[in-house]
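Some notes on the structure that comes next.
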2 protein chains.
Amino acid sequence: MSIERELIMNKKLSMKEISKLSGVSIATVSRVINGTGRFSLDTKRKVEAVINEYNYVPNMAARSLRKASMPTIGVIVPDITNEFFSSMVLELQILLFELQYSTIICNTNELIELEKEHLNFLLAQNVSGIIVISGNPSNIINDANIPIAFIDRKPYGINMENRIIVESDNIKGGYLAGKELIELGCKKIAAIVDNRSYAAGMERYQGLMQAQIEMGIPIYDDLLIKITDVGFKAGYEGVENLLAQSKDFDAMFCGTDMLALGVISALHDNGINVPKKVKVVGFDDISIAKYSFKPITTIRQDRKKIAKTTVDLLIKSIKKEEIESMHKILDVELIPRRSTRGKKDKSK
Amino acid sequence: MSIERELIMNKKLSMKEISKLSGVSIATVSRVINGTGRFSLDTKRKVEAVINEYNYVPNMAARSLRKASMPTIGVIVPDITNEFFSSMVLELQILLFELQYSTIICNTNELIELEKEHLNFLLAQNVSGIIVISGNPSNIINDANIPIAFIDRKPYGINMENRIIVESDNIKGGYLAGKELIELGCKKIAAIVDNRSYAAGMERYQGLMQAQIEMGIPIYDDLLIKITDVGFKAGYEGVENLLAQSKDFDAMFCGTDMLALGVISALHDNGINVPKKVKVVGFDDISIAKYSFKPITTIRQDRKKIAKTTVDLLIKSIKKEEIESMHKILDVELIPRRSTRGKKDKSK
DNA sequence: GTGAAAGCGCTAACAG
DNA sequence: CTGTTAGCGCTTTCAC
């Protein structure tokens with residue numbers, strides 16, 4: 001088929017057509033497009049003119065086949081409807097898009113089996129790298145020859161060569177929460193955290209205990225609620241259980257903001273004033289922490305920085321560039337709000 | 001390189017190797033894998049044994065190149081941190097994964113320019129189809145020869161051939177909200193809706209008006225707040241403005257649940273009891289509507305069904321199968337909660 | 001600085 | 001039923 005006909009038929013142009021149209025070889029067109037040098041400025045201009053005129057876009061499948069890898073990053077995430085994760089994914093996707101990588105997002109719903117399936121799927125797609133958020137990575141990743149980055153949860157029992165870990169300083173987060181509560185006069189601090197495998201929850205609790213020890217406040221084991229969930233309902237029920245057992249406490253540290261929301265809601269429904277009777281601290285600083293009825297004092301994780309750090313390390317790893325450290329721990333900060341300090345601006 | 005060596009080097013096997021290993025031709029291997037028939041049961045077993053033994057996975061790039069299309073669907077979404085959208089994306093992704101399609105998710109942040117860029121990107125990737133949620137589709141889609149489905153917002157001014165539209169019955173939703181409020185005795189109904197372009201907000205308001213007209217309740221134009229946002233803050237500020245103008249109202253219809261949350265929060269902060277003084281209805285039924293301090297009466301959109309319908313139509317369209325109707329309007333229902341009917345179960 | 005040509009792994013004629 | 005073969009569009013030697 002002649003070029004004229006192809007144009008009429010609105011078919012996508014290939015490099016061959018561009019080469020004919022611009023009067024240079026197909027190899028040269030490729031060099032210009034990829035900026036791999038060895039062409040004159042004149043040639044470059046000629047080729048680029050044609051490319052722009054016909055709005056040519058290289059065929060990704062062909063490029064991927066030839067280069068034996070896709071400009072695509074797989075992202076595995078437990079639950080995209082959780083704002084902490086969805087905003088994490090959003091940040092990652094923005095950064096990767098800027099670097100011309102597409103992103104394949106996979107939800108595991110916390111199911112290890114599904115996570116395996118997704119991992120296999122991504123590997124079959126020849127993705128260039130994978131980012132696992134809060135995953136339970138199985139040994140499948142041992143077979144993967146590509147860089148893999150973990151956010152928020154440290155994998156264990158698997159080969160960690162060429163593996164990146166980025167996480168918040170969970171211990172410091174728990175410590176800051178404890179400090180806030182103790183400085184505001186709390187003596188009996190309850191806590192509710194996710195204690196699944198090596199999730200971040202228990203590290204956060206460790207930080208809390210550290211603060212209690214340092215500041216001479218007793219630790220009550222029976223005020224620690226261990227759960228395998230991070231949602232509103234678990235927080236609500238946790239408080240109801242505590243109350244049903246007539247436990248006495250004047251503060252509650254929550255492993256996530258969604259837990260805190262449930263906790264505050266349950267306290268409210270039981271006529272317990274927050275923060276007067278019980279002070280509450282959350283973790284993450286998702287938007288609802290700020291906008292809920294009782295704005296929640298929380299430990300902010302710097303999601304933007306987590307995303308940036310992860311993408312930087314992953315891309316460097318993909319490009320086989322030098323990496324100083326494969327394990328980054330990022331700083332956190334306490335955001336004080338009404339759930340510990342009461343009303344401020346509003347007088348009414 | 002010999003097969004033995006390749007295996008030792010842990011290199012990914014290709015179809016050629018599988019064909020050698022199983023003693024049949026490469027074409028036959030392809031037939032078995034794709035189930036395109038014309039092979040004996042014996043051959044099938046032989047080939048599958050080898051495939052399983054060596055954990056062979058077909059190379060997607062090669063397949064895509066050969067078939068001139070990727071088994072991938074692009075999803076364009078304005079803001080994945082909004083639970084309505086993220087759960088929509090989640091449902092879509094689950095369904096598509098089952099059908100062996102991967103999903104590329106693109107956030108536009110409501111920016112038309114970015115939406116264009118993403119659209120071009122997806123087209124360059126040779127995706128098989130695109131799903132646009134609440135988008136402002138530009139004329140770029142006119143050039144796309146692939147099926148495109150729209151959820152939640154009707155595009156206009158562009159070529160709608162081969163275009164699918166799936167949406168909730170927004171007018172009915174508004175009507176149900178109005179009926180609820182009026183039946184509970186409300187006489188002065190305020191409303192806050194997104195009136196951007198042809199977004200669903202104004203349709204929802206139309207439904208509300210219809211209920212008011214039918215049931216003989218006056219419509220107050222000055223109680224309609226038109227905004228270009230759907231979040232908590234807009235709802236909060238909307239109420240504050242209304243109060244600053246000393247407007248009188250006994251109900252508020254909100255175009256989204258996040259708006260309703262802001263509205264209720266502002267009313268609460270101003271000492272106005274919900275639902276006693278003002279009754280509030282939201283739209284979407286996101287989880288926070290159920291779990292917030294003041295559970296929100298809302299119009300539930302059937303997200304699962306929207307996703308299922310969209311995927312069905314899109315895949316049918318990709319496979320060039322017959323489609324009865326390209327435009328589906330799905331039913332909605334009112335979920336009564338405390339923001340209109342007060343407490344129920346809890347006596348305290 | 002440029003071009004010719006080999007092939008990445010797969011599917012789909014086509015021939016038997 | 002099965003095998004041979006021709007590319008899909010691109011990158012990358014290898015010549016010149």
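Numbering starts fresh at 1 for the residues of each chain in the structure tokens, the chains themselves are lettered A, B, ... in the order given, and ligands are numbered from 1 as they appear.
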Inset, instruction - Using only C-alpha atoms (C1' of nucleotides), find the residues of chain A whose closest atom to chain D is at most 10 Å away, then write them as a PyMOL selection string. - result: chain A and resi 14-16+26-27+30-31+34+58-67
Inset, instruction - Would you list, as number ranges by chain, the residues of region 3-181 of chain B that end up in helix (DSSP H, G or I) under DSSP run on this structure's backbone? - result: B: 3-8, 15-22, 26-34, 41-54, 60-67, 83-98, 112-124, 139-143, 170-181
Using C-alpha atoms, can you export the residues from the last selection as a PDB file, in the first residue's frame?
ATOM      1  CA  ILE B   3      17.972 -25.096  25.851  1.00  0.00           C
ATOM      2  CA  GLU B   4      19.898 -26.593  28.725  1.00  0.00           C
ATOM      3  CA  ARG B   5      22.023 -23.499  29.012  1.00  0.00           C
ATOM      4  CA  GLU B   6      19.003 -21.226  28.853  1.00  0.00           C
ATOM      5  CA  LEU B   7      17.360 -23.113  31.641  1.00  0.00           C
ATOM      6  CA  ILE B   8      20.470 -22.902  33.728  1.00  0.00           C
ATOM      7  CA  MET B  15       7.562 -20.509  22.454  1.00  0.00           C
ATOM      8  CA  LYS B  16      10.383 -21.885  20.373  1.00  0.00           C
ATOM      9  CA  GLU B  17      11.899 -23.595  23.388  1.00  0.00           C
ATOM     10  CA  ILE B  18       8.545 -24.974  24.421  1.00  0.00           C
ATOM     11  CA  SER B  19       8.055 -26.352  20.944  1.00  0.00           C
ATOM     12  CA  LYS B  20      11.432 -28.103  21.028  1.00  0.00           C
ATOM     13  CA  LEU B  21      10.873 -29.398  24.522  1.00  0.00           C
ATOM     14  CA  SER B  22       7.479 -30.856  23.666  1.00  0.00           C
ATOM     15  CA  ILE B  26       5.882 -23.689  17.334  1.00  0.00           C
ATOM     16  CA  ALA B  27       2.579 -23.139  15.540  1.00  0.00           C
ATOM     17  CA  THR B  28       0.996 -25.992  17.409  1.00  0.00           C
ATOM     18  CA  VAL B  29       2.179 -24.624  20.703  1.00  0.00           C
ATOM     19  CA  SER B  30       0.545 -21.334  19.814  1.00  0.00           C
ATOM     20  CA  ARG B  31      -2.688 -23.126  18.936  1.00  0.00           C
ATOM     21  CA  VAL B  32      -2.755 -24.980  22.220  1.00  0.00           C
ATOM     22  CA  ILE B  33      -2.072 -21.850  24.218  1.00  0.00           C
ATOM     23  CA  ASN B  34      -4.730 -19.860  22.447  1.00  0.00           C
ATOM     24  CA  LEU B  41      -5.894 -34.045  22.805  1.00  0.00           C
ATOM     25  CA  ASP B  42      -2.612 -35.891  23.043  1.00  0.00           C
ATOM     26  CA  THR B  43      -0.649 -32.945  21.691  1.00  0.00           C
ATOM     27  CA  LYS B  44      -2.487 -30.605  23.992  1.00  0.00           C
ATOM     28  CA  ARG B  45      -1.530 -32.641  27.017  1.00  0.00           C
ATOM     29  CA  LYS B  46       2.083 -32.900  25.931  1.00  0.00           C
ATOM     30  CA  VAL B  47       2.412 -29.181  25.375  1.00  0.00           C
ATOM     31  CA  GLU B  48       0.613 -28.211  28.550  1.00  0.00           C
ATOM     32  CA  ALA B  49       2.824 -30.502  30.554  1.00  0.00           C
ATOM     33  CA  VAL B  50       5.914 -28.719  29.309  1.00  0.00           C
ATOM     34  CA  ILE B  51       4.346 -25.309  29.828  1.00  0.00           C
ATOM     35  CA  ASN B  52       3.509 -26.124  33.408  1.00  0.00           C
ATOM     36  CA  GLU B  53       6.810 -27.764  34.117  1.00  0.00           C
ATOM     37  CA  TYR B  54       8.808 -24.775  32.986  1.00  0.00           C
ATOM     38  CA  MET B  60       2.761  -9.991  25.852  1.00  0.00           C
ATOM     39  CA  ALA B  61       4.811  -7.547  23.831  1.00  0.00           C
ATOM     40  CA  ALA B  62       5.226 -10.003  20.987  1.00  0.00           C
ATOM     41  CA  ARG B  63       1.572 -10.898  21.056  1.00  0.00           C
ATOM     42  CA  SER B  64       0.544  -7.258  21.108  1.00  0.00           C
ATOM     43  CA  LEU B  65       2.842  -6.428  18.231  1.00  0.00           C
ATOM     44  CA  ARG B  66       1.533  -9.274  16.163  1.00  0.00           C
ATOM     45  CA  LYS B  67      -2.112  -8.611  16.912  1.00  0.00           C
ATOM     46  CA  GLU B  83     -13.824   7.156  47.236  1.00  0.00           C
ATOM     47  CA  PHE B  84     -16.589   7.159  44.667  1.00  0.00           C
ATOM     48  CA  PHE B  85     -14.041   7.087  41.881  1.00  0.00           C
ATOM     49  CA  SER B  86     -11.542   4.802  43.542  1.00  0.00           C
ATOM     50  CA  SER B  87     -14.150   2.182  44.264  1.00  0.00           C
ATOM     51  CA  MET B  88     -15.408   2.518  40.701  1.00  0.00           C
ATOM     52  CA  VAL B  89     -11.875   1.922  39.463  1.00  0.00           C
ATOM     53  CA  LEU B  90     -11.519  -0.991  41.840  1.00  0.00           C
ATOM     54  CA  GLU B  91     -14.640  -2.688  40.525  1.00  0.00           C
ATOM     55  CA  LEU B  92     -13.584  -2.112  36.935  1.00  0.00           C
ATOM     56  CA  GLN B  93     -10.150  -3.485  37.609  1.00  0.00           C
ATOM     57  CA  ILE B  94     -11.467  -6.625  39.263  1.00  0.00           C
ATOM     58  CA  LEU B  95     -13.764  -7.367  36.333  1.00  0.00           C
ATOM     59  CA  LEU B  96     -11.123  -6.620  33.717  1.00  0.00           C
ATOM     60  CA  PHE B  97      -8.515  -8.707  35.504  1.00  0.00           C
ATOM     61  CA  GLU B  98     -10.870 -11.674  35.400  1.00  0.00           C
ATOM     62  CA  ILE B 112      -8.568  19.023  30.480  1.00  0.00           C
ATOM     63  CA  GLU B 113      -5.004  19.382  29.222  1.00  0.00           C
ATOM     64  CA  LEU B 114      -3.835  16.442  31.297  1.00  0.00           C
ATOM     65  CA  GLU B 115      -6.780  14.411  30.126  1.00  0.00           C
ATOM     66  CA  LYS B 116      -5.698  15.016  26.536  1.00  0.00           C
ATOM     67  CA  GLU B 117      -2.170  13.968  27.334  1.00  0.00           C
ATOM     68  CA  HIS B 118      -3.337  10.774  28.976  1.00  0.00           C
ATOM     69  CA  LEU B 119      -5.631  10.012  26.090  1.00  0.00           C
ATOM     70  CA  ASN B 120      -2.730  10.334  23.649  1.00  0.00           C
ATOM     71  CA  PHE B 121      -0.575   8.197  25.870  1.00  0.00           C
ATOM     72  CA  LEU B 122      -3.171   5.439  25.985  1.00  0.00           C
ATOM     73  CA  LEU B 123      -3.654   5.568  22.244  1.00  0.00           C
ATOM     74  CA  ALA B 124       0.113   5.253  21.730  1.00  0.00           C
ATOM     75  CA  ASN B 139     -11.978  15.982  20.418  1.00  0.00           C
ATOM     76  CA  ILE B 140      -8.926  13.743  20.580  1.00  0.00           C
ATOM     77  CA  ILE B 141     -11.260  10.837  20.962  1.00  0.00           C
ATOM     78  CA  ASN B 142     -12.577  11.582  17.503  1.00  0.00           C
ATOM     79  CA  ASP B 143      -9.337  10.159  16.118  1.00  0.00           C
ATOM     80  CA  ASN B 170     -29.616  11.148  38.294  1.00  0.00           C
ATOM     81  CA  ILE B 171     -33.021  12.706  37.839  1.00  0.00           C
ATOM     82  CA  LYS B 172     -34.670   9.920  39.782  1.00  0.00           C
ATOM     83  CA  GLY B 173     -31.999  10.285  42.455  1.00  0.00           C
ATOM     84  CA  GLY B 174     -32.777  13.947  42.917  1.00  0.00           C
ATOM     85  CA  TYR B 175     -36.455  13.152  42.894  1.00  0.00           C
ATOM     86  CA  LEU B 176     -36.126  10.514  45.619  1.00  0.00           C
ATOM     87  CA  ALA B 177     -34.110  12.915  47.738  1.00  0.00           C
ATOM     88  CA  GLY B 178     -36.787  15.582  47.330  1.00  0.00           C
ATOM     89  CA  LYS B 179     -39.559  13.137  48.155  1.00  0.00           C
ATOM     90  CA  GLU B 180     -37.781  12.061  51.340  1.00  0.00           C
ATOM     91  CA  LEU B 181     -37.315  15.631  52.492  1.00  0.00           C
TER      92      LEU B 181
END
Inset, instruction - Quick one: everything within 10 Å of Gly201 (chain A), counting only C-alpha atoms (C1' of nucleotides), minus sequence neighbours fewer than 3 positions away in the same chain. Send it as a PyMOL selection string. - result: chain A and resi 153+170-171+174+192-198+204-206+226-228+230+254-256+283
With N, CA and C atoms retained, could you export that selection as a compact mmCIF listing (two decimals), in the first residue's frame?
# COMPACT_ATOMS: atom_id res chain seq x y z
N ARG A 153 5.83 -1.69 54.37
CA ARG A 153 5.89 -2.97 55.06
C ARG A 153 7.15 -3.71 54.64
N ASN A 170 8.04 4.77 61.79
CA ASN A 170 6.86 4.39 62.57
C ASN A 170 7.09 4.48 64.07
N ILE A 171 8.29 4.15 64.48
CA ILE A 171 8.59 4.21 65.91
C ILE A 171 8.52 5.65 66.39
N GLY A 174 4.88 6.76 66.67
CA GLY A 174 4.24 6.30 67.91
C GLY A 174 4.75 7.10 69.11
N ILE A 192 -4.90 0.88 69.78
CA ILE A 192 -5.49 -0.09 68.85
C ILE A 192 -4.66 -0.10 67.58
N VAL A 193 -4.04 -1.24 67.31
CA VAL A 193 -3.16 -1.33 66.14
C VAL A 193 -3.33 -2.65 65.40
N ASP A 194 -2.99 -2.58 64.13
CA ASP A 194 -2.95 -3.76 63.27
C ASP A 194 -1.69 -4.55 63.63
N ASN A 195 -1.86 -5.80 64.06
CA ASN A 195 -0.65 -6.55 64.39
C ASN A 195 -0.39 -7.72 63.44
N ARG A 196 -0.93 -7.60 62.22
CA ARG A 196 -0.67 -8.65 61.24
C ARG A 196 0.82 -8.71 60.90
N SER A 197 1.30 -9.87 60.75
CA SER A 197 2.67 -10.15 60.33
C SER A 197 3.60 -9.02 60.74
N TYR A 198 4.34 -8.50 59.79
CA TYR A 198 5.25 -7.44 60.16
C TYR A 198 4.72 -6.08 59.69
N ARG A 204 4.61 1.10 65.55
CA ARG A 204 4.03 2.34 66.05
C ARG A 204 3.75 2.22 67.55
N TYR A 205 3.28 1.07 67.92
CA TYR A 205 3.00 0.84 69.34
C TYR A 205 4.30 0.83 70.16
N GLN A 206 5.34 0.27 69.58
CA GLN A 206 6.64 0.31 70.26
C GLN A 206 7.06 1.73 70.58
N LYS A 226 -5.28 -5.57 69.75
CA LYS A 226 -4.61 -6.02 68.53
C LYS A 226 -5.66 -6.46 67.53
N ILE A 227 -5.62 -5.91 66.34
CA ILE A 227 -6.61 -6.28 65.33
C ILE A 227 -5.91 -6.63 64.02
N THR A 228 -6.70 -7.10 63.07
CA THR A 228 -6.13 -7.40 61.76
C THR A 228 -6.90 -6.62 60.71
N VAL A 230 -7.78 -2.17 59.53
CA VAL A 230 -7.37 -0.79 59.79
C VAL A 230 -8.53 0.19 59.57
N CYS A 254 -4.30 5.36 67.97
CA CYS A 254 -4.85 4.53 66.90
C CYS A 254 -3.84 4.39 65.76
N GLY A 255 -3.66 3.18 65.29
CA GLY A 255 -2.68 2.89 64.25
C GLY A 255 -2.96 3.53 62.91
N THR A 256 -4.22 3.92 62.67
CA THR A 256 -4.56 4.64 61.44
C THR A 256 -5.65 5.66 61.75
N PHE A 283 -3.11 8.16 62.84
CA PHE A 283 -1.85 7.99 62.10
C PHE A 283 -2.17 8.03 60.61
Legend entry - Selection: 7 Å around Gln301 (chain B), only C-alpha atoms (C1' of nucleotides), excl. self and same-chain fewer than 5 positions, as a PyMOL selection string: chain B and resi 168+284-285+332
Got a sec to pull out which chain C residues are within 7 Å of chain B, counting only C-alpha atoms (C1' of nucleotides), and send them as a short mmCIF file (atom, residue, chain, number, x, y, z; two decimals) with C-alpha atoms (C1' of nucleotides), in the first residue's frame?
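For reference, part09.cif as written:
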data_model
loop_
_atom_site.label_atom_id
_atom_site.label_comp_id
_atom_site.auth_asym_id
_atom_site.auth_seq_id
_atom_site.Cartn_x
_atom_site.Cartn_y
_atom_site.Cartn_z
"C1'" DG C 9 8.41 -13.77 20.23
"C1'" DC C 10 4.37 -14.40 18.48
"C1'" DT C 11 0.11 -15.36 15.25
#
All strand (DSSP E) positions in region 80-319 of chain A, as a compact mmCIF listing (two decimals) with N, CA and C atoms, in the first residue's frame:
# COMPACT_ATOMS: atom_id res chain seq x y z
N SER A 102 4.15 4.01 32.15
CA SER A 102 2.75 3.81 32.49
C SER A 102 2.69 2.94 33.73
N THR A 103 1.54 2.94 34.36
CA THR A 103 1.39 2.28 35.64
C THR A 103 0.25 1.27 35.58
N ILE A 104 0.53 0.07 35.97
CA ILE A 104 -0.54 -0.92 36.07
C ILE A 104 -0.82 -1.13 37.54
N ILE A 105 -2.05 -0.84 37.95
CA ILE A 105 -2.39 -0.91 39.37
C ILE A 105 -3.15 -2.19 39.66
N CYS A 106 -2.73 -2.90 40.67
CA CYS A 106 -3.39 -4.16 41.03
C CYS A 106 -3.83 -4.15 42.49
N ASN A 107 -5.09 -4.41 42.73
CA ASN A 107 -5.62 -4.52 44.09
C ASN A 107 -5.56 -5.95 44.57
N VAL A 127 7.02 -6.03 32.85
CA VAL A 127 7.14 -4.68 33.42
C VAL A 127 8.59 -4.45 33.84
N SER A 128 8.94 -3.18 33.88
CA SER A 128 10.34 -2.84 34.20
C SER A 128 10.61 -2.89 35.69
N GLY A 129 9.56 -2.74 36.47
CA GLY A 129 9.73 -2.75 37.92
C GLY A 129 8.39 -2.86 38.60
N ILE A 130 8.42 -3.16 39.89
CA ILE A 130 7.17 -3.31 40.63
C ILE A 130 7.27 -2.57 41.96
N ILE A 131 6.18 -1.93 42.33
CA ILE A 131 6.10 -1.29 43.64
C ILE A 131 5.02 -2.00 44.44
N VAL A 132 5.38 -2.50 45.60
CA VAL A 132 4.43 -3.21 46.44
C VAL A 132 4.14 -2.35 47.67
N ILE A 133 2.88 -1.95 47.84
CA ILE A 133 2.51 -1.17 49.01
C ILE A 133 1.85 -2.08 50.03
N ILE A 148 12.28 -4.38 42.58
CA ILE A 148 11.00 -4.32 43.28
C ILE A 148 11.17 -3.43 44.50
N ALA A 149 10.21 -2.51 44.67
CA ALA A 149 10.28 -1.61 45.82
C ALA A 149 9.11 -1.87 46.75
N PHE A 150 9.38 -1.87 48.04
CA PHE A 150 8.33 -2.07 49.03
C PHE A 150 8.07 -0.78 49.80
N ILE A 151 6.81 -0.44 49.93
CA ILE A 151 6.45 0.74 50.70
C ILE A 151 5.66 0.29 51.91
N ARG A 163 16.23 -5.23 46.11
CA ARG A 163 14.92 -4.87 46.63
C ARG A 163 15.02 -3.57 47.41
N ILE A 164 14.07 -2.70 47.19
CA ILE A 164 14.08 -1.38 47.82
C ILE A 164 13.00 -1.30 48.90
N ILE A 165 13.31 -0.67 50.01
CA ILE A 165 12.30 -0.48 51.05
C ILE A 165 12.21 0.99 51.41
N VAL A 166 11.01 1.52 51.38
CA VAL A 166 10.78 2.90 51.79
C VAL A 166 9.65 2.91 52.80
N GLU A 167 9.89 3.51 53.95
CA GLU A 167 8.85 3.52 54.97
C GLU A 167 8.96 4.77 55.83
N SER A 168 7.89 5.04 56.56
CA SER A 168 7.92 6.15 57.50
C SER A 168 8.58 5.69 58.78
N ILE A 189 -3.14 5.13 78.82
CA ILE A 189 -3.24 5.21 77.37
C ILE A 189 -3.60 3.86 76.76
N ALA A 190 -4.73 3.82 76.09
CA ALA A 190 -5.11 2.62 75.35
C ALA A 190 -4.55 2.73 73.94
N ALA A 191 -4.52 1.61 73.24
CA ALA A 191 -4.02 1.64 71.86
C ALA A 191 -4.73 0.59 71.04
N ILE A 192 -4.90 0.88 69.78
CA ILE A 192 -5.49 -0.09 68.85
C ILE A 192 -4.66 -0.10 67.58
N VAL A 193 -4.04 -1.24 67.31
CA VAL A 193 -3.16 -1.33 66.14
C VAL A 193 -3.33 -2.65 65.40
N ASP A 194 -2.99 -2.58 64.13
CA ASP A 194 -2.95 -3.76 63.27
C ASP A 194 -1.69 -4.55 63.63
N LEU A 224 -4.25 -2.65 75.26
CA LEU A 224 -3.77 -2.76 73.87
C LEU A 224 -4.71 -3.67 73.09
N ILE A 225 -5.33 -3.12 72.07
CA ILE A 225 -6.23 -3.92 71.23
C ILE A 225 -5.49 -4.28 69.95
N LYS A 226 -5.28 -5.57 69.75
CA LYS A 226 -4.61 -6.02 68.53
C LYS A 226 -5.66 -6.46 67.53
N ILE A 227 -5.62 -5.91 66.34
CA ILE A 227 -6.61 -6.28 65.33
C ILE A 227 -5.91 -6.63 64.02
N ALA A 251 -6.94 8.03 77.16
CA ALA A 251 -6.36 8.34 75.85
C ALA A 251 -6.39 7.09 74.99
N MET A 252 -6.34 7.30 73.69
CA MET A 252 -6.33 6.16 72.78
C MET A 252 -5.44 6.49 71.59
N PHE A 253 -4.44 5.66 71.41
CA PHE A 253 -3.58 5.80 70.23
C PHE A 253 -4.07 4.83 69.17
N CYS A 254 -4.30 5.36 67.97
CA CYS A 254 -4.85 4.53 66.90
C CYS A 254 -3.84 4.39 65.76
N LYS A 279 -8.55 11.50 75.05
CA LYS A 279 -7.86 12.13 73.93
C LYS A 279 -7.47 11.07 72.92
N VAL A 280 -7.56 11.41 71.65
CA VAL A 280 -7.32 10.42 70.60
C VAL A 280 -6.27 10.92 69.60
N VAL A 281 -5.36 10.05 69.24
CA VAL A 281 -4.38 10.36 68.18
C VAL A 281 -4.48 9.29 67.10
N GLY A 282 -4.45 9.73 65.85
CA GLY A 282 -4.48 8.80 64.72
C GLY A 282 -3.12 8.70 64.06
N PHE A 283 -3.11 8.16 62.84
CA PHE A 283 -1.85 7.99 62.10
C PHE A 283 -2.17 8.03 60.61
N ASP A 284 -1.41 8.77 59.85
CA ASP A 284 -1.49 8.88 58.38
C ASP A 284 -1.73 10.32 57.94
N THR A 297 -6.09 14.75 65.78
CA THR A 297 -4.64 14.87 65.95
C THR A 297 -4.02 13.61 65.39
N THR A 298 -3.01 13.78 64.55
CA THR A 298 -2.51 12.59 63.88
C THR A 298 -1.03 12.70 63.56
N ILE A 299 -0.45 11.58 63.18
CA ILE A 299 0.94 11.56 62.74
C ILE A 299 0.93 11.57 61.22
N ARG A 300 1.47 12.64 60.67
CA ARG A 300 1.44 12.75 59.21
C ARG A 300 2.58 11.98 58.58
N GLN A 301 2.23 11.10 57.66
CA GLN A 301 3.23 10.46 56.83
C GLN A 301 3.37 11.31 55.58
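Nearest residue to chain A, choosing from B:Glu237, B:Asp257, B:Asp331, B:Asp269 and counting only C-alpha atoms: B:Asp269.
Counting only C-alpha atoms, the residue from A:Arg38, A:Lys188, A:Lys154, A:Lys290 that sits nearest to chain B is A:Lys290.
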Legend entry - Nearest to chain A by atom-to-atom distance, counting only C-alpha atoms, from B:Pro78, B:Pro275, B:Pro147, B:Gly135: B:Pro78
